[in-house]
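*Asks:* My questions all concern the structure below.
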Amino acid sequence: IRDYTLALQRGTTDRVAASVQLDHYAGDLDVKVEIPELKFSATAPVDRSGHAKLDLTVPGLALWSPEHPKLYTVVFTAGGDRLEERIGFRTIETRGADILLNGQPVFLRGISLHEENPLRGGRATTAAEARQLLGWAKELGCNYVRLAHYPHNDHMARVADELGLLLWAEVPVYWTIHWDDPATFANAR
């Protein structure tokens with residue numbers, strides 16, 4: 001399994017769109033998506049480009065929010081390959097100047113932080129260091145954190161999901177941006 005996407009379909013709270021990309025076409029093969037906690041599973045065939053799409057109705061999904069950061073273990077399998085992720089399902093949209101989380105306006109209370117360990121110096125690169133930094137934000141009453149200036153380690157997003165923190169993560173173009181360079185645009189995309 002090279003890549004996947006899994007998200008609520010726009011305007012729904014129980015319909016999930018999934019897409020799984022394998023490294024290559026391996027003949028007749030199905031991709032399976034499971035949410036064991038909900039006793040849910042579905043399969044889809046892989047096409048000749050190694051791609052499978054699923055349109056799923058998943059009853060009983062509890063939505064993720066800062067107050068109730070519900071995460072589900074989602075299991076993807078294809079042949080002998082298996083991938084597990086912890087995923088929170090939520091909707092985010094705007095209406096005028098309001099940001100809506102799960103259809104309700106949300107007021108962002110937060111801080112901006114760098115991926116730095118304040119106790120030893122240097123980059124914060126482990127899940128424990130992300131938990132320390134984001135835990136402090138949570139103790140301050142934050143429901144939101146802006147990850148300053150650059151893409152942070154994946155631990156930041158995973159721990160933020162666990163703790164109930166919304167994130168503003170930046171694309172990988174910052175500071176000396178060459179706006180007229182097609183490679184810069186491709187990197188941002």
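Chains: A, B, ... in order of the structure tokens. Residues: from 1 per chain. Ligands: from 1, in order shown.
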As a PyMOL selection string, please: every residue in chain A that a backbone DSSP assignment puts in helix (DSSP H, G or I).
*Replies:* chain A and resi 36-38+127-139+154-163+182-188
*Asks:* Can you tell me which residues surround His114 in chain A at a distance of at most 8 Å, considering only C-alpha atoms, apart from same-chain residues fewer than 3 positions away, and format the answer as number ranges by chain?
*Replies:* A: 147-149
*Asks:* How would you write, as a PyMOL selection string, the set of residues in range 2-185 of chain A that DSSP gives as strand (DSSP E or B)?
*Replies:* chain A and resi 3-8+15-21+30-35+40-45+51-57+72-78+81-87+92-95+98-101+104-105+110-113+116+123+144-147+166-168
*Asks:* Set the distance at 12 Å and use only C-alpha atoms: which residues neighbour range 77-86 of chain A once local chain neighbours fewer than 2 positions away are removed? I'd like the list as a PyMOL selection string.
*Replies:* chain A and resi 1-6+20-37+41-46+50-52+64+69-75+88-89+157-162
*Asks:* Could you make a table, as CSV, of the residues of range 62-157 of chain A that have an atom within 8 Å of an atom of range 7-16 of chain A, each with its nearest atom pair and distance in Å to one decimal, counting only C-alpha atoms, in chain and number order?
*Replies:*
residue,atom,partner,partner_atom,distance
A:Leu63,CA,A:Thr13,CA,7.7
A:Phe89,CA,A:Leu8,CA,6.6
A:Arg90,CA,A:Leu8,CA,7.1
A:Thr91,CA,A:Leu8,CA,7.1
*Asks:* Print the selection's residues with N, CA and C atoms to a file, as a tab-separated table (two decimals), in the first residue's frame.
*Replies:*
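Everything below was put into result-v4.tsv:
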chain	number	residue	atom	x	y	z
A	63	LEU	N	-18.22	11.66	15.83
A	63	LEU	CA	-17.37	12.68	15.22
A	63	LEU	C	-16.32	13.17	16.21
A	89	PHE	N	-12.96	11.31	12.51
A	89	PHE	CA	-13.83	11.79	11.44
A	89	PHE	C	-14.48	13.09	11.87
A	90	ARG	N	-14.41	14.10	11.00
A	90	ARG	CA	-14.97	15.42	11.31
A	90	ARG	C	-15.25	16.14	10.00
A	91	THR	N	-16.08	17.15	10.08
A	91	THR	CA	-16.31	18.01	8.92
A	91	THR	C	-15.79	19.40	9.29
